[in-house]
Amino acid sequence: MPELYPIPVNEPLLNGNEKKYLTECIDTGWISSEGPFIKQFEEKFAFAAGRKYGIAVSNGSVALDAAVKALGIGPGDEVILPAFTIISCAAAIVRAGATPVVIDSDPSTWNMDPSLLKQAITSKTKAILVVHIYGLPVDMDPVLEIARQFGLKVIEDAAEMHGQTYKGKPCGSFGDISTFSFYPNKHITTGEGGMIVTDSEELAEKCRSLRNLCFIPEKRFYHEDLGWNFRMTNMQAALGLAQLERLPEFVERKRRMGTLYQDLLGGTEKVILPLPKTDYAENIYWVFGVILTGSAGMSAETAMRKLTEVKVGTRPFFYPMHLQPVFLKMGLFSGVKMPVAEKMAQKGFYLPSGLSLTEDQIRESAKRFLGILHECI
Ligand SMILES: *Cc1c(COP(=O)(O)O)cnc(C)c1O
């Protein structure tokens, strides 16, 4: 039997103008956050997301910290978010001194279920943190309607939604503040990086200030508020600009990859695949997730271990917020049960999904996965 070649879970695609723009940073000496690519990247990215203002930051997690802070969320406030998400979302709420309140996911879209929102609202609720998961957006209309009705702010975590739309409008255009990440497994990357976008000049100013230690332009080293150093470097923005030029192509590529996986894996009862589309969006497959059914007869952990043995890279699904030891130790979420999120965490993981994957690699990764599933009949 020929040696199996490894199929990495993610490799970015950096063969556009990345090198050219990066070289320009080095040749001109503009390597810090003061360089000219920052403003260009902010403007072009905000435009692509249908927003007036973009504030580039050092990653998608701190983008959430700044967003929560800029909205004035703090002690005594509650923020509703999905249980099934990355820790960054709940962490931003907890670090601001506010209380995270989780809701469960819709088993078909894997996103927060808007029909569960109303029952989670109390007199302390200040905001809804919407997180679009894995390639399909949250059904925004009911969320926005409830937010309007109850006077709640909306923070939109669009880290996984570059280039995606909801009913034809860009994801990232729905929150009072929306955030993105440019981690290397996102649709476009800056190595590490993030962006806050908004239409509010006031919120944009607050985020700019929070990003830059709350320096006051007229009075250097004098501070009325506490901020952070969340600045992005010109080198990161150089990468971001080059990547942004190719966003439509990247989205197309991911859709083709997702469709190929759907074709290859669609014939087995042993896995639930992502929804290819809903009536409001077509999946952009940030990652190609699968959820094992009962007939697969194994947990995600076992499947991932077997896939590692045949050199297929995988990552587990998110581990739900209400089961995180760090939050339980703080006395948060005691007794909370979220059956959908819990099952997804136990049975879900994702297959190689990076932009550099070739069609052959996808076919091979699906073949090895099916091989593992069938051994267990
Ligand atoms: C990746 C991601 C983040 C965090 O972004 P980093 O740049 O890695 O800090 C936040 N939210 C979601 C939904 C993400 O997928």
# chains A, B, ... in the order shown; residues from 1 in each chain; ligands from 1
call {"tool": "residues_near_ligand", "arguments": {"ligand": "ligand 1", "cutoff": "8 Å", "atoms": "only C-alpha atoms and all ligand atoms", "output": "count of residues only"}}
result
29
call {"tool": "closest_atom_pairs", "arguments": {"of": "stretch 176-284 of chain A", "to": "stretch 35-51 of chain A", "cutoff": "9 Å", "atoms": "only C-alpha atoms", "output": "Markdown table"}}
result
| residue | atom | partner | partner_atom | distance |
| --- | --- | --- | --- | --- |
| A:Met195 | CA | A:Glu42 | CA | 7.7 |
| A:Ile196 | CA | A:Ala46 | CA | 8.6 |
| A:Val197 | CA | A:Ala46 | CA | 6.1 |
| A:Thr198 | CA | A:Arg51 | CA | 5.8 |
| A:Asp199 | CA | A:Arg51 | CA | 5.6 |
| A:Met232 | CA | A:Ile38 | CA | 7.6 |
| A:Thr233 | CA | A:Ile38 | CA | 7.4 |
| A:Asn234 | CA | A:Gly35 | CA | 5.0 |
| A:Met235 | CA | A:Phe37 | CA | 7.9 |
| A:Gln236 | CA | A:Ile38 | CA | 8.3 |
| A:Ala237 | CA | A:Ile38 | CA | 5.3 |
| A:Ala238 | CA | A:Phe37 | CA | 5.7 |
| A:Gly240 | CA | A:Phe41 | CA | 6.7 |
| A:Leu241 | CA | A:Phe41 | CA | 5.4 |
| A:Leu244 | CA | A:Phe45 | CA | 7.3 |
call {"tool": "write_last_selection", "arguments": {"atoms": "N, CA and C atoms", "output": "PDB file, in the first residue's frame"}}
result
ATOM      1  N   MET A 195     -10.997  43.167  12.984  1.00  0.00           N
ATOM      2  CA  MET A 195     -11.565  44.443  12.553  1.00  0.00           C
ATOM      3  C   MET A 195     -12.894  44.655  13.248  1.00  0.00           C
ATOM      4  N   ILE A 196     -13.098  45.897  13.661  1.00  0.00           N
ATOM      5  CA  ILE A 196     -14.394  46.304  14.202  1.00  0.00           C
ATOM      6  C   ILE A 196     -15.029  47.185  13.139  1.00  0.00           C
ATOM      7  N   VAL A 197     -16.287  46.961  12.818  1.00  0.00           N
ATOM      8  CA  VAL A 197     -16.960  47.840  11.856  1.00  0.00           C
ATOM      9  C   VAL A 197     -18.264  48.347  12.458  1.00  0.00           C
ATOM     10  N   THR A 198     -18.625  49.565  12.084  1.00  0.00           N
ATOM     11  CA  THR A 198     -19.842  50.188  12.603  1.00  0.00           C
ATOM     12  C   THR A 198     -20.235  51.350  11.695  1.00  0.00           C
ATOM     13  N   ASP A 199     -21.492  51.792  11.811  1.00  0.00           N
ATOM     14  CA  ASP A 199     -21.919  52.993  11.092  1.00  0.00           C
ATOM     15  C   ASP A 199     -21.954  54.200  12.018  1.00  0.00           C
ATOM     16  N   MET A 232      -3.192  47.135  15.200  1.00  0.00           N
ATOM     17  CA  MET A 232      -2.707  46.242  14.137  1.00  0.00           C
ATOM     18  C   MET A 232      -1.466  46.888  13.522  1.00  0.00           C
ATOM     19  N   THR A 233      -0.532  46.077  13.022  1.00  0.00           N
ATOM     20  CA  THR A 233       0.654  46.657  12.392  1.00  0.00           C
ATOM     21  C   THR A 233       0.414  46.874  10.891  1.00  0.00           C
ATOM     22  N   ASN A 234       1.219  47.739  10.327  1.00  0.00           N
ATOM     23  CA  ASN A 234       1.147  47.997   8.882  1.00  0.00           C
ATOM     24  C   ASN A 234       1.431  46.723   8.081  1.00  0.00           C
ATOM     25  N   MET A 235       2.265  45.845   8.641  1.00  0.00           N
ATOM     26  CA  MET A 235       2.592  44.596   7.935  1.00  0.00           C
ATOM     27  C   MET A 235       1.368  43.684   7.867  1.00  0.00           C
ATOM     28  N   GLN A 236       0.611  43.653   8.960  1.00  0.00           N
ATOM     29  CA  GLN A 236      -0.618  42.851   8.942  1.00  0.00           C
ATOM     30  C   GLN A 236      -1.622  43.434   7.949  1.00  0.00           C
ATOM     31  N   ALA A 237      -1.732  44.763   7.948  1.00  0.00           N
ATOM     32  CA  ALA A 237      -2.681  45.408   7.031  1.00  0.00           C
ATOM     33  C   ALA A 237      -2.262  45.184   5.578  1.00  0.00           C
ATOM     34  N   ALA A 238      -0.951  45.099   5.337  1.00  0.00           N
ATOM     35  CA  ALA A 238      -0.455  44.828   3.977  1.00  0.00           C
ATOM     36  C   ALA A 238      -0.970  43.466   3.507  1.00  0.00           C
ATOM     37  N   GLY A 240      -3.554  41.938   4.734  1.00  0.00           N
ATOM     38  CA  GLY A 240      -5.013  42.035   4.681  1.00  0.00           C
ATOM     39  C   GLY A 240      -5.503  42.638   3.378  1.00  0.00           C
ATOM     40  N   LEU A 241      -4.828  43.681   2.914  1.00  0.00           N
ATOM     41  CA  LEU A 241      -5.220  44.336   1.654  1.00  0.00           C
ATOM     42  C   LEU A 241      -5.108  43.366   0.485  1.00  0.00           C
ATOM     43  N   LEU A 244      -7.830  40.801   0.788  1.00  0.00           N
ATOM     44  CA  LEU A 244      -9.158  41.357   0.514  1.00  0.00           C
ATOM     45  C   LEU A 244      -9.433  41.447  -0.989  1.00  0.00           C
TER      46      LEU A 244
END
call {"tool": "atom_distance", "arguments": {"atom1": "atom CA of A:Glu309", "atom2": "atom CA of A:Val287"}}
result
21.0 Å
call {"tool": "select_by_dssp", "arguments": {"residues": "stretch 98-327 of chain A", "states": "helix (DSSP H, G or I)", "output": "VMD selection string"}}
result
chain A and resid 114 to 116 118 to 120 140 to 150 201 to 211 234 to 244 247 to 265 294 to 296 300 to 309 321 to 323 325 to 327
call {"tool": "select_by_dssp", "arguments": {"residues": "stretch 65-119 of chain A", "states": "strand (DSSP E)", "output": "NGL selection string"}}
result
:A and (78-82 or 99-103)
call {"tool": "residues_around", "arguments": {"residues": "A:Phe84", "least_positions_apart": "6", "cutoff": "12 Å", "atoms": "only C-alpha atoms", "output": "PyMOL selection string"}}
result
chain A and resi 90+101-107+109-113+130-134+317-324+337-346+348
call {"tool": "residues_around", "arguments": {"residues": "A:Ile155", "least_positions_apart": "4", "cutoff": "12 Å", "atoms": "only C-alpha atoms", "output": "JSON, numbers by chain"}}
result
{"A": [63, 64, 65, 66, 67, 68, 69, 70, 71, 73, 79, 80, 81, 89, 92, 93, 126, 127, 128, 129, 130, 131, 132, 140, 143, 144, 147, 159, 171, 172, 173, 174, 175, 176, 177, 178, 179, 180, 196, 197, 198, 203]}
call {"tool": "write_last_selection", "arguments": {"atoms": "C-alpha atoms", "output": "PDB file, in the first residue's frame"}}
result
ATOM      1  CA  ALA A  63     -12.317  43.215  18.728  1.00  0.00           C
ATOM      2  CA  LEU A  64     -15.083  41.751  20.916  1.00  0.00           C
ATOM      3  CA  ASP A  65     -13.560  43.211  24.102  1.00  0.00           C
ATOM      4  CA  ALA A  66     -13.513  46.666  22.536  1.00  0.00           C
ATOM      5  CA  ALA A  67     -17.034  46.271  21.125  1.00  0.00           C
ATOM      6  CA  VAL A  68     -18.518  45.293  24.500  1.00  0.00           C
ATOM      7  CA  LYS A  69     -16.695  48.133  26.236  1.00  0.00           C
ATOM      8  CA  ALA A  70     -17.595  50.722  23.601  1.00  0.00           C
ATOM      9  CA  LEU A  71     -21.285  49.904  24.069  1.00  0.00           C
ATOM     10  CA  ILE A  73     -21.749  47.151  28.873  1.00  0.00           C
ATOM     11  CA  VAL A  79     -25.693  39.820  27.389  1.00  0.00           C
ATOM     12  CA  ILE A  80     -27.327  36.942  25.493  1.00  0.00           C
ATOM     13  CA  LEU A  81     -25.106  34.799  23.272  1.00  0.00           C
ATOM     14  CA  CYS A  89     -17.411  35.910  23.028  1.00  0.00           C
ATOM     15  CA  ALA A  92     -15.400  39.710  26.503  1.00  0.00           C
ATOM     16  CA  ILE A  93     -18.675  39.874  28.444  1.00  0.00           C
ATOM     17  CA  LYS A 126     -28.447  44.990  27.597  1.00  0.00           C
ATOM     18  CA  ALA A 127     -27.374  43.323  24.361  1.00  0.00           C
ATOM     19  CA  ILE A 128     -27.465  40.279  22.113  1.00  0.00           C
ATOM     20  CA  LEU A 129     -24.127  38.964  20.888  1.00  0.00           C
ATOM     21  CA  VAL A 130     -24.906  37.227  17.613  1.00  0.00           C
ATOM     22  CA  VAL A 131     -22.325  34.731  16.337  1.00  0.00           C
ATOM     23  CA  HIS A 132     -22.558  33.339  12.820  1.00  0.00           C
ATOM     24  CA  MET A 140     -31.054  38.047  11.573  1.00  0.00           C
ATOM     25  CA  VAL A 143     -33.061  38.868  16.152  1.00  0.00           C
ATOM     26  CA  LEU A 144     -33.148  42.493  14.990  1.00  0.00           C
ATOM     27  CA  ALA A 147     -33.606  43.775  19.771  1.00  0.00           C
ATOM     28  CA  ALA A 159     -15.367  36.342  12.331  1.00  0.00           C
ATOM     29  CA  CYS A 171     -22.653  39.928   7.186  1.00  0.00           C
ATOM     30  CA  GLY A 172     -20.954  42.435   9.437  1.00  0.00           C
ATOM     31  CA  SER A 173     -23.526  45.084   8.525  1.00  0.00           C
ATOM     32  CA  PHE A 174     -26.151  44.054  11.098  1.00  0.00           C
ATOM     33  CA  GLY A 175     -24.817  44.891  14.558  1.00  0.00           C
ATOM     34  CA  ASP A 176     -24.558  48.245  16.287  1.00  0.00           C
ATOM     35  CA  ILE A 177     -20.979  47.013  16.212  1.00  0.00           C
ATOM     36  CA  SER A 178     -19.741  44.014  14.220  1.00  0.00           C
ATOM     37  CA  THR A 179     -16.404  42.267  14.456  1.00  0.00           C
ATOM     38  CA  PHE A 180     -14.166  40.110  12.290  1.00  0.00           C
ATOM     39  CA  ILE A 196     -14.394  46.304  14.202  1.00  0.00           C
ATOM     40  CA  VAL A 197     -16.960  47.840  11.856  1.00  0.00           C
ATOM     41  CA  THR A 198     -19.842  50.188  12.603  1.00  0.00           C
ATOM     42  CA  LEU A 203     -18.775  54.105  18.515  1.00  0.00           C
TER      43      LEU A 203
END
call {"tool": "residues_around", "arguments": {"residues": "A:Glu145", "least_positions_apart": "3", "cutoff": "12 Å", "atoms": "only C-alpha atoms", "output": "PyMOL selection string"}}
result
chain A and resi 114-115+117-118+128+139-142+148-154+174
call {"tool": "write_last_selection", "arguments": {"atoms": "all heavy atoms", "output": "CSV table (one decimal), in the first residue's frame"}}
result
chain,number,residue,atom,x,y,z
A,114,PRO,N,-33.1,31.9,17.2
A,114,PRO,CA,-33.8,33.1,17.6
A,114,PRO,C,-35.1,32.9,18.4
A,114,PRO,O,-35.5,33.8,19.1
A,114,PRO,CB,-34.0,33.8,16.3
A,114,PRO,CG,-33.1,33.2,15.3
A,114,PRO,CD,-32.9,31.8,15.8
A,115,SER,N,-35.7,31.8,18.2
A,115,SER,CA,-37.0,31.5,18.9
A,115,SER,C,-36.7,31.4,20.4
A,115,SER,O,-37.7,31.4,21.2
A,115,SER,CB,-37.7,30.4,18.3
A,115,SER,OG,-37.1,29.2,18.7
A,117,LEU,N,-34.7,33.4,22.1
A,117,LEU,CA,-34.2,34.7,22.6
A,117,LEU,C,-35.1,35.3,23.7
A,117,LEU,O,-34.7,35.7,24.8
A,117,LEU,CB,-34.1,35.7,21.5
A,117,LEU,CG,-32.7,35.8,20.8
A,117,LEU,CD1,-32.8,36.7,19.6
A,117,LEU,CD2,-31.6,36.2,21.7
A,118,LYS,N,-36.4,35.4,23.4
A,118,LYS,CA,-37.3,36.2,24.2
A,118,LYS,C,-37.3,35.6,25.7
A,118,LYS,O,-37.3,36.4,26.6
A,118,LYS,CB,-38.8,36.1,23.7
A,118,LYS,CG,-39.1,37.3,22.8
A,118,LYS,CD,-40.5,37.4,22.5
A,118,LYS,CE,-40.7,38.5,21.4
A,118,LYS,NZ,-42.0,38.3,20.8
A,128,ILE,N,-27.5,41.6,22.7
A,128,ILE,CA,-27.5,40.3,22.1
A,128,ILE,C,-26.2,40.2,21.3
A,128,ILE,O,-25.9,41.1,20.5
A,128,ILE,CB,-28.6,40.0,21.2
A,128,ILE,CG1,-30.0,40.2,21.9
A,128,ILE,CG2,-28.5,38.6,20.6
A,128,ILE,CD1,-31.2,40.2,20.9
A,139,ASP,N,-30.2,33.7,11.5
A,139,ASP,CA,-31.4,34.3,10.9
A,139,ASP,C,-31.6,35.7,11.6
A,139,ASP,O,-32.1,35.8,12.7
A,139,ASP,CB,-32.6,33.4,11.1
A,139,ASP,CG,-33.9,33.9,10.4
A,139,ASP,OD1,-33.8,34.9,9.6
A,139,ASP,OD2,-34.9,33.3,10.5
A,140,MET,N,-31.2,36.7,10.9
A,140,MET,CA,-31.1,38.0,11.6
A,140,MET,C,-32.4,38.8,11.8
A,140,MET,O,-32.5,39.5,12.7
A,140,MET,CB,-30.1,39.0,10.8
A,140,MET,CG,-28.6,38.6,10.9
A,140,MET,SD,-28.0,38.4,12.6
A,140,MET,CE,-28.2,40.1,13.3
A,141,ASP,N,-33.3,38.6,10.9
A,141,ASP,CA,-34.5,39.4,11.0
A,141,ASP,C,-35.2,39.3,12.3
A,141,ASP,O,-35.5,40.3,13.0
A,141,ASP,CB,-35.5,39.2,9.8
A,141,ASP,CG,-35.1,39.9,8.5
A,141,ASP,OD1,-34.2,40.8,8.6
A,141,ASP,OD2,-35.6,39.6,7.5
A,142,PRO,N,-35.5,38.1,12.8
A,142,PRO,CA,-36.1,37.9,14.1
A,142,PRO,C,-35.3,38.5,15.2
A,142,PRO,O,-35.8,39.1,16.2
A,142,PRO,CB,-36.4,36.4,14.3
A,142,PRO,CG,-35.8,35.8,13.1
A,142,PRO,CD,-35.4,36.8,12.1
A,148,ARG,N,-35.0,45.4,18.7
A,148,ARG,CA,-35.7,46.7,18.5
A,148,ARG,C,-36.8,46.8,19.6
A,148,ARG,O,-36.9,47.8,20.3
A,148,ARG,CB,-36.3,46.8,17.1
A,148,ARG,CG,-36.7,48.2,16.7
A,148,ARG,CD,-37.5,48.2,15.4
A,148,ARG,NE,-38.6,47.3,15.5
A,148,ARG,CZ,-39.8,47.6,16.2
A,148,ARG,NH1,-39.9,48.7,16.8
A,148,ARG,NH2,-40.7,46.7,16.2
A,149,GLN,N,-37.6,45.7,19.7
A,149,GLN,CA,-38.7,45.7,20.6
A,149,GLN,C,-38.3,45.9,22.0
A,149,GLN,O,-39.0,46.6,22.8
A,149,GLN,CB,-39.3,44.3,20.4
A,149,GLN,CG,-40.8,44.2,20.7
A,149,GLN,CD,-41.2,42.7,20.5
A,149,GLN,OE1,-40.7,42.0,19.6
A,149,GLN,NE2,-42.1,42.2,21.3
A,150,PHE,N,-37.2,45.3,22.4
A,150,PHE,CA,-36.7,45.4,23.8
A,150,PHE,C,-35.6,46.4,24.1
A,150,PHE,O,-35.1,46.5,25.2
A,150,PHE,CB,-36.3,44.0,24.3
A,150,PHE,CG,-37.4,43.0,24.4
A,150,PHE,CD1,-37.8,42.2,23.3
A,150,PHE,CD2,-38.0,42.8,25.7
A,150,PHE,CE1,-38.9,41.3,23.5
A,150,PHE,CE2,-39.0,41.8,25.8
A,150,PHE,CZ,-39.5,41.1,24.7
A,151,GLY,N,-35.3,47.2,23.0
A,151,GLY,CA,-34.3,48.2,23.2
A,151,GLY,C,-32.9,47.6,23.5
A,151,GLY,O,-32.2,48.2,24.3
A,152,LEU,N,-32.5,46.5,22.9
A,152,LEU,CA,-31.2,45.9,23.1
A,152,LEU,C,-30.2,46.3,22.0
A,152,LEU,O,-30.6,46.4,20.9
A,152,LEU,CB,-31.4,44.4,23.2
A,152,LEU,CG,-32.4,43.8,24.1
A,152,LEU,CD1,-32.5,42.3,24.0
A,152,LEU,CD2,-32.2,44.2,25.6
A,153,LYS,N,-29.0,46.4,22.4
A,153,LYS,CA,-27.9,46.5,21.4
A,153,LYS,C,-27.6,45.2,20.8
A,153,LYS,O,-27.8,44.1,21.4
A,153,LYS,CB,-26.6,47.0,22.1
A,153,LYS,CG,-26.8,48.4,22.8
A,153,LYS,CD,-26.9,49.5,21.8
A,153,LYS,CE,-27.1,50.8,22.4
A,153,LYS,NZ,-27.6,51.8,21.4
A,154,VAL,N,-27.1,45.3,19.6
A,154,VAL,CA,-26.6,44.0,18.9
A,154,VAL,C,-25.1,44.1,18.6
A,154,VAL,O,-24.7,45.1,18.0
A,154,VAL,CB,-27.4,43.8,17.6
A,154,VAL,CG1,-26.9,42.6,16.8
A,154,VAL,CG2,-28.9,43.6,17.9
A,174,PHE,N,-24.9,44.2,10.3
A,174,PHE,CA,-26.2,44.1,11.1
A,174,PHE,C,-26.1,44.5,12.5
A,174,PHE,O,-27.1,44.9,13.1
A,174,PHE,CB,-26.7,42.6,11.1
A,174,PHE,CG,-27.1,42.2,9.7
A,174,PHE,CD1,-26.3,41.4,8.9
A,174,PHE,CD2,-28.3,42.6,9.2
A,174,PHE,CE1,-26.6,41.1,7.6
A,174,PHE,CE2,-28.7,42.2,7.9
A,174,PHE,CZ,-27.9,41.5,7.1
call {"tool": "residues_around", "arguments": {"residues": "stretch 280-284 of chain A", "least_positions_apart": "2", "cutoff": "8 Å", "atoms": "only C-alpha atoms", "output": "PDB file with C-alpha atoms, in the first residue's frame"}}
result
ATOM      1  CA  GLY A 135     -20.503  29.408   7.167  1.00  0.00           C
ATOM      2  CA  LEU A 136     -24.218  30.071   7.480  1.00  0.00           C
ATOM      3  CA  PRO A 137     -25.452  33.310   9.024  1.00  0.00           C
ATOM      4  CA  ASP A 139     -31.436  34.313  10.892  1.00  0.00           C
ATOM      5  CA  MET A 161     -18.434  35.310   7.631  1.00  0.00           C
ATOM      6  CA  GLN A 164     -21.150  36.118   3.299  1.00  0.00           C
ATOM      7  CA  THR A 165     -24.542  37.822   2.991  1.00  0.00           C
ATOM      8  CA  TYR A 166     -27.896  37.556   4.752  1.00  0.00           C
ATOM      9  CA  LYS A 167     -30.796  38.242   2.370  1.00  0.00           C
ATOM     10  CA  GLY A 168     -28.286  39.910   0.060  1.00  0.00           C
ATOM     11  CA  VAL A 251     -15.601  32.603  -1.172  1.00  0.00           C
ATOM     12  CA  GLU A 252     -16.213  30.887  -4.496  1.00  0.00           C
ATOM     13  CA  LYS A 254     -14.736  27.577  -0.379  1.00  0.00           C
ATOM     14  CA  ARG A 255     -18.188  27.048  -1.843  1.00  0.00           C
ATOM     15  CA  GLY A 258     -17.982  22.542   0.380  1.00  0.00           C
ATOM     16  CA  LEU A 275     -26.935  22.820   5.319  1.00  0.00           C
ATOM     17  CA  PRO A 276     -25.909  23.933   1.806  1.00  0.00           C
ATOM     18  CA  LYS A 277     -28.359  26.825   1.984  1.00  0.00           C
ATOM     19  CA  THR A 278     -31.357  28.347   3.695  1.00  0.00           C
ATOM     20  CA  TRP A 286     -15.783  28.603   6.636  1.00  0.00           C
TER      21      TRP A 286
END
call {"tool": "residues_around", "arguments": {"residues": "A:Ala303", "least_positions_apart": "3", "cutoff": "10 Å", "atoms": "only C-alpha atoms", "output": "CSV table (one decimal) with all heavy atoms, in the first residue's frame"}}
result
chain,number,residue,atom,x,y,z
A,292,LEU,N,-21.5,13.3,13.7
A,292,LEU,CA,-21.8,11.9,13.6
A,292,LEU,C,-23.2,11.6,14.1
A,292,LEU,O,-23.6,12.1,15.1
A,292,LEU,CB,-20.7,11.1,14.4
A,292,LEU,CG,-19.3,11.4,14.0
A,292,LEU,CD1,-18.3,10.8,15.0
A,292,LEU,CD2,-19.0,10.7,12.6
A,296,ALA,N,-23.2,5.9,13.4
A,296,ALA,CA,-21.7,5.9,13.2
A,296,ALA,C,-21.1,5.1,14.3
A,296,ALA,O,-19.9,4.6,14.2
A,296,ALA,CB,-21.2,7.3,13.2
A,297,GLY,N,-21.7,5.1,15.5
A,297,GLY,CA,-21.3,4.3,16.6
A,297,GLY,C,-20.0,4.8,17.2
A,297,GLY,O,-19.2,4.0,17.8
A,298,MET,N,-19.7,6.0,17.1
A,298,MET,CA,-18.5,6.6,17.8
A,298,MET,C,-18.6,8.0,18.1
A,298,MET,O,-19.5,8.7,17.5
A,298,MET,CB,-17.2,6.3,16.9
A,298,MET,CG,-17.2,7.0,15.6
A,298,MET,SD,-15.6,6.5,14.7
A,298,MET,CE,-16.3,5.7,13.3
A,299,SER,N,-17.8,8.5,19.0
A,299,SER,CA,-17.8,9.9,19.3
A,299,SER,C,-16.9,10.7,18.3
A,299,SER,O,-16.1,10.1,17.6
A,299,SER,CB,-17.2,10.1,20.7
A,299,SER,OG,-15.9,9.7,20.7
A,300,ALA,N,-17.0,12.0,18.3
A,300,ALA,CA,-16.1,12.8,17.5
A,300,ALA,C,-14.6,12.6,17.9
A,300,ALA,O,-13.8,12.5,17.0
A,300,ALA,CB,-16.4,14.3,17.7
A,306,LYS,N,-8.9,8.4,14.8
A,306,LYS,CA,-8.7,7.5,13.7
A,306,LYS,C,-8.3,8.3,12.4
A,306,LYS,O,-7.5,7.8,11.6
A,306,LYS,CB,-10.0,6.7,13.4
A,306,LYS,CG,-10.3,5.7,14.4
A,306,LYS,CD,-11.7,5.1,14.2
A,306,LYS,CE,-12.1,4.1,15.2
A,306,LYS,NZ,-11.8,2.7,14.8
A,307,LEU,N,-8.8,9.5,12.3
A,307,LEU,CA,-8.4,10.3,11.1
A,307,LEU,C,-7.0,10.8,11.2
A,307,LEU,O,-6.2,10.8,10.2
A,307,LEU,CB,-9.4,11.5,11.0
A,307,LEU,CG,-10.7,11.1,10.3
A,307,LEU,CD1,-11.8,12.2,10.5
A,307,LEU,CD2,-10.5,10.9,8.8
A,308,THR,N,-6.5,11.0,12.5
A,308,THR,CA,-5.1,11.4,12.7
A,308,THR,C,-4.2,10.2,12.2
A,308,THR,O,-3.2,10.4,11.6
A,308,THR,CB,-4.8,11.7,14.2
A,308,THR,OG1,-5.8,12.7,14.6
A,308,THR,CG2,-3.4,12.2,14.4
A,309,GLU,N,-4.7,9.0,12.5
A,309,GLU,CA,-3.9,7.8,12.2
A,309,GLU,C,-3.7,7.7,10.6
A,309,GLU,O,-2.7,7.2,10.1
A,309,GLU,CB,-4.5,6.5,12.7
A,309,GLU,CG,-4.3,6.4,14.2
A,309,GLU,CD,-5.2,5.3,14.8
A,309,GLU,OE1,-5.9,4.6,14.1
A,309,GLU,OE2,-5.3,5.3,16.1
A,314,THR,N,-7.9,17.3,11.6
A,314,THR,CA,-9.3,17.7,12.0
A,314,THR,C,-9.2,18.7,13.1
A,314,THR,O,-8.1,18.9,13.7
A,314,THR,CB,-10.1,16.5,12.5
A,314,THR,OG1,-9.4,15.9,13.6
A,314,THR,CG2,-10.3,15.4,11.4
A,347,LYS,N,-20.4,15.2,19.1
A,347,LYS,CA,-20.4,14.4,17.9
A,347,LYS,C,-19.9,15.2,16.7
A,347,LYS,O,-19.8,14.6,15.6
A,347,LYS,CB,-21.9,14.0,17.6
A,347,LYS,CG,-22.5,13.1,18.6
A,347,LYS,CD,-21.9,11.7,18.5
A,347,LYS,CE,-22.6,10.7,19.4
A,347,LYS,NZ,-22.2,9.3,19.2
A,348,GLY,N,-19.5,16.4,16.9
A,348,GLY,CA,-19.1,17.2,15.7
A,348,GLY,C,-17.6,17.5,15.7
A,348,GLY,O,-16.9,17.7,16.7
A,349,PHE,N,-17.1,17.7,14.5
A,349,PHE,CA,-15.7,18.1,14.2
A,349,PHE,C,-15.6,18.6,12.8
A,349,PHE,O,-16.6,18.4,12.0
A,349,PHE,CB,-14.7,17.0,14.5
A,349,PHE,CG,-14.8,15.8,13.6
A,349,PHE,CD1,-14.1,15.7,12.5
A,349,PHE,CD2,-15.8,14.8,13.9
A,349,PHE,CE1,-14.2,14.6,11.7
A,349,PHE,CE2,-15.9,13.7,13.1
A,349,PHE,CZ,-15.1,13.6,12.0
A,369,PHE,N,-12.1,9.3,5.4
A,369,PHE,CA,-13.2,9.4,6.4
A,369,PHE,C,-14.2,8.3,6.2
A,369,PHE,O,-14.6,7.6,7.2
A,369,PHE,CB,-13.8,10.8,6.3
A,369,PHE,CG,-14.9,11.1,7.3
A,369,PHE,CD1,-14.8,10.6,8.6
A,369,PHE,CD2,-15.9,11.9,7.0
A,369,PHE,CE1,-15.8,10.8,9.5
A,369,PHE,CE2,-16.9,12.1,7.9
A,369,PHE,CZ,-16.9,11.6,9.2
A,372,ILE,N,-13.1,5.0,7.5
A,372,ILE,CA,-13.2,4.9,8.9
A,372,ILE,C,-14.6,4.6,9.4
A,372,ILE,O,-14.9,3.7,10.2
A,372,ILE,CB,-12.7,6.1,9.6
A,372,ILE,CG1,-11.1,6.1,9.6
A,372,ILE,CG2,-13.2,6.3,11.0
A,372,ILE,CD1,-10.5,7.4,9.8
A,373,LEU,N,-15.6,5.3,8.7
A,373,LEU,CA,-17.0,5.1,9.1
A,373,LEU,C,-17.4,3.7,8.8
A,373,LEU,O,-18.2,3.1,9.5
A,373,LEU,CB,-17.9,6.1,8.4
A,373,LEU,CG,-17.8,7.5,8.8
A,373,LEU,CD1,-18.6,8.4,7.9
A,373,LEU,CD2,-18.2,7.7,10.3
call {"tool": "closest_residue", "arguments": {"among": "A:Gln262, A:Thr125, A:Asn10, A:Thr189", "to": "A:Arg246", "atoms": "only C-alpha atoms"}}
result
A:Thr189
call {"tool": "atom_distance", "arguments": {"atom1": "atom CA of A:Thr268", "atom2": "atom CA of A:Gly289"}}
result
14.8 Å
call {"tool": "atom_distance", "arguments": {"atom1": "atom CA of A:Val326", "atom2": "atom CA of A:Thr302"}}
result
25.2 Å
call {"tool": "closest_residue", "arguments": {"among": "A:Asp77, A:Gly29, A:Leu22, A:Asn229", "to": "A:Val57", "atoms": "only C-alpha atoms"}}
result
A:Asn229
call {"tool": "closest_residue", "arguments": {"among": "A:Leu370, A:Phe230, A:Tyr5, A:Arg211", "to": "A:Gly267", "atoms": "only C-alpha atoms"}}
result
A:Leu370
call {"tool": "closest_residue", "arguments": {"among": "A:Pro100, A:Ile7, A:Asn15, A:Ser365", "to": "A:Pro82", "atoms": "only C-alpha atoms"}}
result
A:Pro100
call {"tool": "closest_residue", "arguments": {"among": "A:Leu332, A:Val312, A:Leu226, A:Ile362", "to": "A:Val9", "atoms": "only C-alpha atoms"}}
result
A:Val312
